[in-house]
Structures are given as C-alpha cells and as structure tokens.
$ cat target01.txt   # compact mmCIF, C-alpha atoms
# COMPACT_ATOMS: atom_id res chain seq x y z
CA MET A 1 36.49 46.56 27.36
CA ASP A 2 35.44 49.32 29.77
CA LYS A 3 36.88 52.78 29.32
CA PRO A 4 39.61 53.73 31.79
CA THR A 5 38.56 56.33 34.37
CA MET A 6 40.37 58.61 36.77
CA MET A 7 40.15 55.84 39.36
CA THR A 8 41.75 53.36 36.96
CA TYR A 9 44.88 55.49 37.04
CA VAL A 10 44.65 56.38 40.74
CA LEU A 11 44.69 52.66 41.51
CA GLU A 12 47.80 52.19 39.33
CA GLN A 13 49.80 54.80 41.24
CA SER A 14 51.23 52.49 43.91
CA GLU A 15 52.85 50.23 41.32
CA MET A 16 53.96 53.24 39.27
CA VAL A 17 55.66 54.91 42.26
CA GLN A 18 57.63 51.75 43.01
CA SER A 19 58.59 51.45 39.33
CA ILE A 20 59.87 55.04 39.14
CA LEU A 21 61.85 54.59 42.36
CA SER A 22 63.35 51.31 41.13
CA ARG A 23 64.87 53.16 38.17
CA PHE A 24 66.59 55.81 40.30
CA PRO A 25 69.12 57.27 39.63
CA ASP A 26 69.27 56.25 35.97
CA ASN A 27 65.90 57.82 35.16
CA VAL A 28 67.11 61.30 36.19
CA GLU A 29 70.83 61.04 35.41
CA GLU A 30 70.65 62.92 32.11
CA PHE A 31 68.67 65.70 33.83
CA VAL A 32 71.35 65.97 36.51
CA ASP A 33 74.19 65.89 33.97
CA ILE A 34 72.77 69.07 32.44
CA ALA A 35 71.73 70.67 35.74
CA LEU A 36 75.14 70.32 37.41
CA GLY A 37 76.75 73.72 37.76
CA THR A 38 73.42 75.58 37.54
CA SER A 39 71.63 77.32 40.38
CA ASP A 40 68.86 79.55 38.97
CA TRP A 41 66.12 77.59 37.22
CA LEU A 42 63.24 78.84 35.10
CA VAL A 43 60.43 76.30 34.82
CA PHE A 44 57.64 76.47 32.24
CA ALA A 45 54.41 74.57 32.74
CA THR A 46 50.67 75.09 32.64
CA GLY A 47 47.64 73.37 34.15
CA SER A 48 48.39 70.28 36.22
CA SER A 49 52.03 70.35 35.09
CA TYR A 50 52.36 73.83 36.64
CA ASN A 51 50.80 72.54 39.87
CA ALA A 52 53.14 69.54 39.87
CA ALA A 53 56.17 71.81 39.47
CA LEU A 54 54.91 73.96 42.35
CA SER A 55 54.42 70.82 44.47
CA ALA A 56 58.03 69.73 43.86
CA LYS A 57 59.60 73.21 43.95
CA TYR A 58 60.34 73.55 47.65
CA TYR A 59 61.67 70.01 47.97
CA VAL A 60 64.06 70.54 45.06
CA GLU A 61 65.17 73.94 46.33
CA ASN A 62 65.64 72.64 49.86
CA ARG A 63 67.52 69.48 48.95
CA ALA A 64 69.59 70.65 45.96
CA ASN A 65 70.27 74.26 47.00
CA VAL A 66 68.94 75.81 43.79
CA ARG A 67 66.44 78.58 43.13
CA MET A 68 63.41 77.84 40.97
CA GLU A 69 60.89 80.20 39.37
CA ILE A 70 57.82 78.73 37.70
CA LYS A 71 56.15 80.70 34.92
CA GLU A 72 53.11 80.30 32.70
CA PRO A 73 54.77 79.77 29.32
CA PHE A 74 52.35 81.71 27.09
CA HIS A 75 52.68 84.86 29.19
CA PHE A 76 56.46 84.44 29.34
CA THR A 77 56.78 84.07 25.58
CA HIS A 78 54.85 87.24 24.82
CA TYR A 79 55.64 89.54 27.73
CA ASP A 80 58.49 88.56 30.06
CA ARG A 81 62.19 89.30 29.87
CA ILE A 82 64.71 86.53 30.42
CA SER A 83 66.66 87.14 33.62
CA PRO A 84 70.43 87.27 33.13
CA HIS A 85 70.78 85.05 36.21
CA VAL A 86 68.88 82.06 34.76
CA ASP A 87 71.19 79.20 33.81
CA LEU A 88 68.70 76.36 33.28
CA ALA A 89 65.25 76.28 31.65
CA ILE A 90 62.88 73.35 32.17
CA GLY A 91 59.66 72.72 30.27
CA ILE A 92 57.11 70.31 31.72
CA SER A 93 54.29 68.85 29.63
CA GLN A 94 52.86 65.45 30.51
CA SER A 95 51.71 64.86 26.94
CA GLY A 96 54.73 66.61 25.46
CA GLN A 97 52.30 68.45 23.17
CA SER A 98 51.69 71.76 24.99
CA THR A 99 52.27 74.46 22.39
CA SER A 100 52.81 77.22 24.97
CA THR A 101 55.49 75.27 26.84
CA ILE A 102 57.19 74.29 23.59
CA GLY A 103 57.08 77.94 22.51
CA ALA A 104 58.65 79.17 25.75
CA LEU A 105 61.57 76.73 25.49
CA ALA A 106 62.01 77.65 21.83
CA ARG A 107 62.26 81.33 22.76
CA VAL A 108 64.89 80.59 25.42
CA ARG A 109 66.98 78.66 22.91
CA GLN A 110 66.62 81.37 20.28
CA GLU A 111 67.59 84.25 22.57
CA SER A 112 70.20 82.68 24.87
CA ASP A 113 72.61 79.83 25.39
CA ILE A 114 70.76 78.62 28.50
CA ARG A 115 70.60 74.86 28.84
CA THR A 116 67.14 73.34 28.37
CA ILE A 117 65.45 70.21 29.71
CA ALA A 118 62.00 68.82 28.89
CA MET A 119 59.96 66.56 31.15
CA ALA A 120 57.22 64.49 29.50
CA SER A 121 55.63 61.04 29.47
CA ASP A 122 57.08 60.37 25.99
CA LYS A 123 60.73 61.14 25.26
CA ASN A 124 59.93 61.38 21.54
CA SER A 125 57.08 63.88 21.85
CA ALA A 126 57.12 67.34 20.25
CA ILE A 127 58.65 69.08 23.28
CA SER A 128 61.85 67.04 22.92
CA GLU A 129 62.68 69.01 19.77
CA VAL A 130 63.33 72.18 21.80
CA ALA A 131 65.35 70.66 24.66
CA ASN A 132 68.92 69.48 25.14
CA ALA A 133 67.49 66.42 26.86
CA THR A 134 64.09 64.97 27.76
CA THR A 135 63.44 63.25 31.08
CA GLU A 136 60.64 60.70 30.93
CA ILE A 137 58.37 61.08 33.97
CA GLY A 138 57.49 57.39 34.09
CA CYS A 139 53.68 57.31 33.97
CA GLY A 140 53.12 55.94 30.48
CA LYS A 141 50.09 57.11 28.52
CA GLU A 142 47.16 58.36 30.61
CA ARG A 143 44.07 58.20 28.39
CA VAL A 144 41.83 60.32 30.62
CA GLY A 145 41.80 64.11 30.35
CA TYR A 146 41.68 64.62 34.13
CA VAL A 147 45.20 63.54 34.98
CA THR A 148 46.11 61.87 38.28
CA LYS A 149 48.84 59.31 37.65
CA GLY A 150 50.81 61.73 35.47
CA PHE A 151 50.63 64.43 38.13
CA THR A 152 52.08 62.15 40.78
CA ALA A 153 54.75 60.91 38.35
CA THR A 154 55.79 64.47 37.51
CA VAL A 155 56.11 65.47 41.17
CA LEU A 156 58.05 62.32 42.06
CA THR A 157 60.43 62.46 39.10
CA PHE A 158 61.16 66.14 39.72
CA MET A 159 61.84 65.40 43.40
CA LEU A 160 64.18 62.56 42.44
CA ALA A 161 66.06 64.84 40.05
CA GLY A 162 66.61 67.28 42.90
CA LEU A 163 67.67 64.48 45.24
CA ARG A 164 70.16 63.05 42.76
CA LEU A 165 71.56 66.51 42.07
CA ALA A 166 72.06 67.02 45.81
CA GLN A 167 73.88 63.70 45.99
CA ARG A 168 76.19 64.50 43.09
CA LYS A 169 76.91 67.98 44.48
CA GLY A 170 77.93 66.40 47.79
CA ILE A 171 75.08 68.08 49.68
CA ALA A 172 73.29 64.81 50.46
CA SER A 173 75.16 61.74 51.71
CA ASP A 174 74.34 58.26 50.47
CA ASP A 175 72.64 57.56 53.80
CA GLN A 176 70.49 60.67 53.45
CA VAL A 177 69.52 59.69 49.92
CA ASN A 178 68.59 56.18 51.04
CA SER A 179 66.47 57.64 53.84
CA GLU A 180 64.62 59.87 51.35
CA LEU A 181 64.05 56.95 48.99
CA GLU A 182 62.71 54.81 51.81
CA ALA A 183 60.22 57.51 52.79
CA LEU A 184 59.01 57.66 49.18
CA ARG A 185 58.77 53.85 48.99
CA LYS A 186 56.58 53.91 52.09
CA PHE A 187 54.37 56.46 50.37
CA GLY A 188 53.96 54.11 47.41
CA LYS A 189 53.13 51.19 49.67
CA ALA A 190 50.67 53.32 51.68
CA LEU A 191 48.65 54.36 48.62
CA PRO A 192 46.07 51.54 48.86
CA ASP A 193 45.39 52.51 52.49
CA ILE A 194 45.19 56.21 51.53
CA ILE A 195 42.64 55.34 48.86
CA THR A 196 40.55 53.28 51.30
CA ALA A 197 40.66 55.98 53.97
CA THR A 198 39.61 58.64 51.44
CA GLU A 199 36.71 56.57 50.14
CA ASN A 200 35.49 56.05 53.70
CA PHE A 201 35.79 59.80 54.31
CA TYR A 202 33.77 60.48 51.16
CA GLU A 203 31.01 58.12 52.23
CA GLN A 204 30.89 59.73 55.67
CA TYR A 205 30.43 63.24 54.24
CA LYS A 206 28.92 62.40 50.85
CA GLU A 207 25.80 64.52 51.31
CA GLU A 208 27.87 67.53 52.39
CA PHE A 209 30.25 67.16 49.44
CA VAL A 210 27.64 66.50 46.75
CA GLY A 211 25.44 69.34 48.00
CA ALA A 212 28.25 71.90 48.17
CA PRO A 213 27.81 75.25 46.37
CA ARG A 214 31.59 75.88 46.26
CA PHE A 215 34.89 74.59 47.63
CA THR A 216 38.03 76.19 49.01
CA VAL A 217 41.27 74.56 50.11
CA VAL A 218 43.83 76.42 52.22
CA GLY A 219 47.47 75.40 52.62
CA ASN A 220 50.91 76.91 53.09
CA GLY A 221 54.52 76.35 52.18
CA PRO A 222 55.12 73.34 49.91
CA ALA A 223 51.42 72.41 50.17
CA VAL A 224 50.48 75.41 48.02
CA GLY A 225 51.02 73.22 44.95
CA THR A 226 48.42 70.82 46.34
CA THR A 227 45.89 73.64 46.78
CA LYS A 228 46.31 74.69 43.14
CA GLU A 229 45.96 71.14 41.81
CA MET A 230 42.82 70.63 43.91
CA GLU A 231 41.46 73.83 42.34
CA THR A 232 42.27 72.51 38.87
CA LYS A 233 40.93 69.01 39.42
CA PHE A 234 37.66 70.09 41.04
CA SER A 235 37.08 72.72 38.33
CA GLU A 236 37.60 70.08 35.64
CA THR A 237 35.41 67.40 37.20
CA VAL A 238 33.08 68.65 39.95
CA ARG A 239 32.46 71.83 37.89
CA LEU A 240 31.65 74.10 40.79
CA PRO A 241 33.45 77.30 41.87
CA THR A 242 36.66 76.10 43.54
CA GLN A 243 39.58 78.02 45.00
CA GLY A 244 42.98 76.82 46.12
CA ILE A 245 44.76 79.49 48.10
CA GLU A 246 47.80 80.09 50.29
CA LEU A 247 47.11 80.46 54.02
CA GLU A 248 48.14 84.08 54.51
CA ALA A 249 46.64 85.21 51.19
CA PHE A 250 43.27 83.84 52.34
CA MET A 251 43.40 86.18 55.32
CA HIS A 252 43.70 89.27 53.13
CA GLY A 253 40.30 89.49 51.50
CA PRO A 254 39.02 86.03 50.51
CA TYR A 255 37.92 85.27 54.08
CA LEU A 256 35.13 87.80 53.59
CA GLU A 257 33.22 85.54 51.21
CA VAL A 258 32.86 82.68 53.70
CA ASN A 259 29.26 81.87 54.63
CA PRO A 260 27.51 79.02 56.48
CA GLU A 261 27.33 76.91 53.29
CA HIS A 262 31.01 77.22 52.36
CA ARG A 263 33.06 73.96 52.23
CA ILE A 264 36.66 74.56 53.30
CA PHE A 265 39.53 72.06 53.39
CA PHE A 266 42.68 72.76 55.41
CA LEU A 267 46.00 71.06 54.59
CA GLU A 268 47.91 70.45 57.79
CA THR A 269 51.64 69.73 57.69
CA GLU A 270 54.41 69.95 60.27
CA SER A 271 55.10 73.53 59.26
CA PRO A 272 56.74 76.16 61.47
CA VAL A 273 53.57 78.25 60.94
CA LYS A 274 51.14 75.42 61.66
CA HIS A 275 49.63 77.49 64.49
CA ARG A 276 48.40 80.01 61.91
CA LEU A 277 46.48 77.31 60.06
CA GLU A 278 45.02 76.00 63.32
CA ALA A 279 43.88 79.50 64.29
CA LEU A 280 42.25 80.08 60.90
CA ARG A 281 40.49 76.70 60.99
CA ALA A 282 39.12 77.45 64.47
CA TYR A 283 37.86 80.85 63.32
CA GLU A 284 36.20 79.59 60.12
CA SER A 285 34.61 76.66 61.97
CA ARG A 286 32.58 79.26 63.88
CA ILE A 287 31.10 80.47 60.56
CA THR A 288 30.60 77.25 58.62
CA PRO A 289 30.19 73.72 59.99
CA TYR A 290 31.61 72.36 56.72
CA THR A 291 35.33 72.44 57.47
CA TYR A 292 37.63 69.48 56.82
CA THR A 293 41.31 68.78 57.41
CA ILE A 294 43.70 66.54 55.51
CA ARG A 295 46.95 65.72 57.27
CA LEU A 296 49.67 63.08 57.47
CA GLY A 297 49.40 60.67 60.38
CA GLU A 298 46.45 59.47 62.40
CA SER A 299 43.79 61.78 63.81
CA ASN A 300 40.98 61.30 66.31
CA ASP A 301 39.04 64.25 64.90
CA GLU A 302 36.11 62.96 62.85
CA ARG A 303 36.36 65.81 60.34
CA THR A 304 40.04 65.12 59.70
CA LEU A 305 41.28 62.66 57.11
CA GLY A 306 44.56 61.30 58.47
CA LEU A 307 46.82 59.65 55.91
CA PRO A 308 48.69 56.61 57.26
CA LEU A 309 52.29 57.64 56.66
CA SER A 310 54.96 60.03 57.85
CA LEU A 311 56.57 62.56 55.50
CA ASP A 312 58.23 65.87 56.23
CA GLU A 313 56.81 69.20 55.08
CA TYR A 314 58.78 69.17 51.81
CA GLN A 315 57.84 65.59 50.91
CA ALA A 316 54.18 65.95 51.92
CA PRO A 317 52.66 67.34 48.67
CA ILE A 318 53.11 64.07 46.81
CA ALA A 319 50.71 62.39 49.27
CA LEU A 320 48.34 65.25 50.09
CA ILE A 321 46.99 65.45 46.53
CA VAL A 322 45.78 61.84 46.36
CA PRO A 323 42.61 62.34 48.46
CA PHE A 324 41.57 65.23 46.21
CA GLN A 325 42.04 63.09 43.10
CA ILE A 326 39.63 60.55 44.56
CA LEU A 327 37.18 63.10 45.94
CA ALA A 328 37.05 64.88 42.58
CA HIS A 329 36.04 61.65 40.86
CA HIS A 330 33.52 60.61 43.49
CA ILE A 331 31.88 64.02 43.99
CA ALA A 332 31.51 64.43 40.22
CA GLY A 333 29.78 61.06 40.08
CA GLY A 334 27.60 61.97 43.04
CA ARG A 335 26.52 65.08 41.15
CA GLY A 336 25.51 62.98 38.14
CA ILE A 337 28.50 63.93 35.97
CA ASP A 338 29.72 61.07 33.78
CA LEU A 339 33.41 61.80 33.36
CA THR A 340 33.79 59.08 30.73
CA GLN A 341 31.72 61.27 28.39
CA ARG A 342 34.22 63.83 27.17
CA ILE A 343 33.16 67.38 26.42
CA TYR A 344 34.71 70.08 24.24
CA THR A 345 36.82 67.46 22.47
CA ASP A 346 37.95 69.90 19.78
CA PHE A 347 39.11 72.58 22.22
CA GLY A 348 42.87 71.87 22.22
CA VAL A 349 43.15 71.91 18.44
CA ALA A 350 40.68 74.78 17.96
CA MET A 351 42.62 76.98 20.38
CA GLN A 352 46.01 75.65 19.24
CA SER A 353 46.95 74.79 22.82
CA LYS A 354 48.07 71.29 21.80
CA THR A 355 50.10 70.18 18.79
CA GLN A 356 47.65 67.35 18.16
CA PRO A 357 44.40 65.93 19.61
CA GLY A 358 44.80 63.97 22.83
CA ASP A 359 44.64 60.19 22.62
CA TYR A 360 41.77 59.81 25.06
CA ALA A 361 39.55 56.78 25.60
$ encode --input "target01.txt" --output "structure tokens"
Amino acid sequence: MDKPTMMTYVLEQSEMVQSILSRFPDNVEEFVDIALGTSDWLVFATGSSYNAALSAKYYVENRANVRMEIKEPFHFTHYDRISPHVDLAIGISQSGQSTSTIGALARVRQESDIRTIAMASDKNSAISEVANATTEIGCGKERVGYVTKGFTATVLTFMLAGLRLAQRKGIASDDQVNSELEALRKFGKALPDIITATENFYEQYKEEFVGAPRFTVVGNGPAVGTTKEMETKFSETVRLPTQGIELEAFMHGPYLEVNPEHRIFFLETESPVKHRLEALRAYESRITPYTYTIRLGESNDERTLGLPLSLDEYQAPIALIVPFQILAHHIAGGRGIDLTQRIYTDFGVAMQSKTQPGDYA
C-alpha cells in the first residue's frame, strides 16, 4: 500500500468538511457549555495550530462577540502574566501531544480557576488531562507531518464553536446560523474545483514557482492567519526562505528587500482596506514580474487564481489556505524533494516538544 501524502489528505477535505458540518451543533456543544458567560479568551497553540487559531479568530470574535488573544504557549508558561480579565483558556494541539500547549493549560489551572478547553483530533490524548473538556476537531489521524486536513478541521470546528455560541447567546438567529452553515457547505462542495483550479495554476507557472529563490505572501484582516500558515507550510516542504506578513507591516521595512526575482502572493478579500492591497500589488508589480493573487470568485487576470465560491471576509481564510497546501506539495516535488521521506524523525522527542513520537507513515 502506498504511503499517504499531503495530497491524500487534501483530497479528503471535501468529505471531511461535510462530515464536521453534519455533526453541528453536537460536536461543539460541550465547548459552548463551558464558554457561555465568558468574553475574554486566551488561546494557546503553536505551529499550524497557532495559524489555524489566527485564521478563525476574527470570525469567532465577530460572530460571538468575544475577545480572543492567541499566545505561543512556551513563552507564556515561562514569561507572561495571566491577565485578570481572562475567563476562558483554550489549548489547541492537533495531535494532542504538544508539551508546550499542555504546559500552558496546566499553568492556568494551577494558578487560577479559569475554565479550560482543549481542541485535538483525539479526545483521549494527553492534552485532555489538563482541560475541563476536549473538543474533537473531526479530522481523524493525519499520518503526514505536513498537516493540511487537520488545519482545515481546526479552523472549521473553531468557527462552528463561535457560531453556536452566538446562537445560544441570542446574537445569531436560526436563519443566520443556517445561512452560515450553507456557505460552509458550499465551500466543502467547491473543494474539488478549488483543487483543479490550483493544479492548473501551478502548471501554468510551474517554472516560475520551482525556480523561485524566496516567497512572500501578503494579506490583511482575517487573512493574516492564511499568510502565517503559508509561511509554515512552505518552510516545511519547499524549504526556501518564505515570509507571511500583514499588509501594513510589509510597508514598514520588508518592502525594501523586494527585487526582480522575488515571488509575491497577494490575498484579496472583500475588505474595507482592499484598495491598500491593490495599490501595493500595483507598486510591487513594477519591481518584480512574479506577482500572483489569490481571491474568492472568478477573475479574468491571468496571474490571479480565482476560487469558485463566495465567502465573506471573516469566512474566507478557510478557503484561501487550500491553494497553498497544494502549491507547497507540488513545488516541493518540482524541486526534487520527496516529502514521503521523513527527516529529523527524532526531533520532537529529542527536544521534548511532543509527549511521544508522531505516528507517521
């Protein structure tokens, strides 16, 4: 039997999204039971789990009227103070084995009476021991180190928790909830077309992508989580210098490194500051011919990958990441990197960043 690859799990995402949605609201009810009455959330996550939390953050805040701060758990455990305003702590670890996230939740429980929730792919994993409840993200076991399916599942489940909380708080009507769910169902159904469109885009610009010396992706608002996950995924797989950066931050220094060989992606959403992104793209296109745009909806521009669905700015991150998952896999292959051959397999245990070795194929 062939080893599973990143693409194995990318191709499973459409069915997974529909499965997670079919279990709403039961799959997030325990989360909401604990979250009711809270308004200031502290979220611990690292790596792709951090990026997933950032991708869901603005949706949850917007829909459920809560405030969320996301922190790197190791730094929090050793250096940060716990704010007296925090009334809910959430730890996210796809494997449930992240020692830093487990440690951060353990510190919260030791020093306060703040309620704690874990989010993981396995409700019986190690992180569940330091939480009042564990919400299963619904992706099953992903036996590839470069996660895709688990990232999407984390974003979606976190969004659904925020949506259900809004419903139970009386902020969102049943009709509004049904409208949100329908938009997410359409995303799940559109995934095969998104995959096909991305693969065509890769083939069109394969030489430019494979020959790139470095990559940057620029986005704003809720899409910032997408920029950071692109940075993570390309670093893991393509193994070239890669930067994911917020739109305005790019304009304060990082723009100075752009040269004619630089590859820059722009994430376009229906944002109130969309004109700023358009202005930056026009400027940088004068310096490098290698600029690309990813957006929702059709586009006649040949250097724009239009995804065939309609989502608002807060929903958009769950779809915007999928092209980068595919491009990471394909560009790595184009560069001669065999991602099925794992490297540094002893790293997690050697550095005590995981409670046990990953169960990878």
$ closest_atom_pairs --input "target01.txt" --of "range 37-126 of chain A" --to "range 236-254 of chain A" --cutoff "12 Å" --atoms "all atoms listed in the file" --output "Markdown table"
| residue | atom | partner | partner_atom | distance |
| --- | --- | --- | --- | --- |
| A:Gly47 | CA | A:Glu236 | CA | 10.7 |
| A:Ser48 | CA | A:Glu236 | CA | 10.8 |
| A:Asn51 | CA | A:Gly244 | CA | 10.9 |
$ closest_residue --input "target01.txt" --among "A:Arg23, A:Arg164, A:Arg115, A:Arg295" --to "Ala319 in chain A" --atoms "all atoms listed in the file"
A:Arg295
$ closest_residue --input "target01.txt" --among "A:Arg286, A:Lys123, A:Lys71, A:Arg63" --to "Val43 in chain A" --atoms "all atoms listed in the file"
A:Lys71
$ residues_around --input "target01.txt" --residues "Phe151 in chain A" --least-positions-apart "5" --cutoff "9 Å" --atoms "all atoms listed in the file" --output "list in words"
Ser48, Ser49, Asn51, Ala52, Gln94, Cys139, Leu156 and Glu229 of chain A
$ atom_distance --input "target01.txt" --atom1 "CA of Phe31 in chain A" --atom2 "CA of Val60 in chain A"
13.1 Å
$ atom_distance --input "target01.txt" --atom1 "CA of Ile114 in chain A" --atom2 "CA of Ser55 in chain A"
24.1 Å
$ residues_around --input "target01.txt" --residues "Val155 in chain A" --least-positions-apart "2" --cutoff "8 Å" --atoms "only C-alpha atoms" --output "PyMOL selection string"
chain A and resi 52-53+55-56+151-153+157-159+318
$ residues_around --input "target01.txt" --residues "Asn65 in chain A" --least-positions-apart "3" --cutoff "10 Å" --atoms "all atoms listed in the file" --output "number ranges by chain"
A: 39-40, 58-62, 68, 162, 165-166, 169, 171
$ closest_residue --input "target01.txt" --among "A:Ala133, A:Ala316, A:Val144, A:Ile194" --to "Asn220 in chain A" --atoms "only C-alpha atoms"
A:Ala316
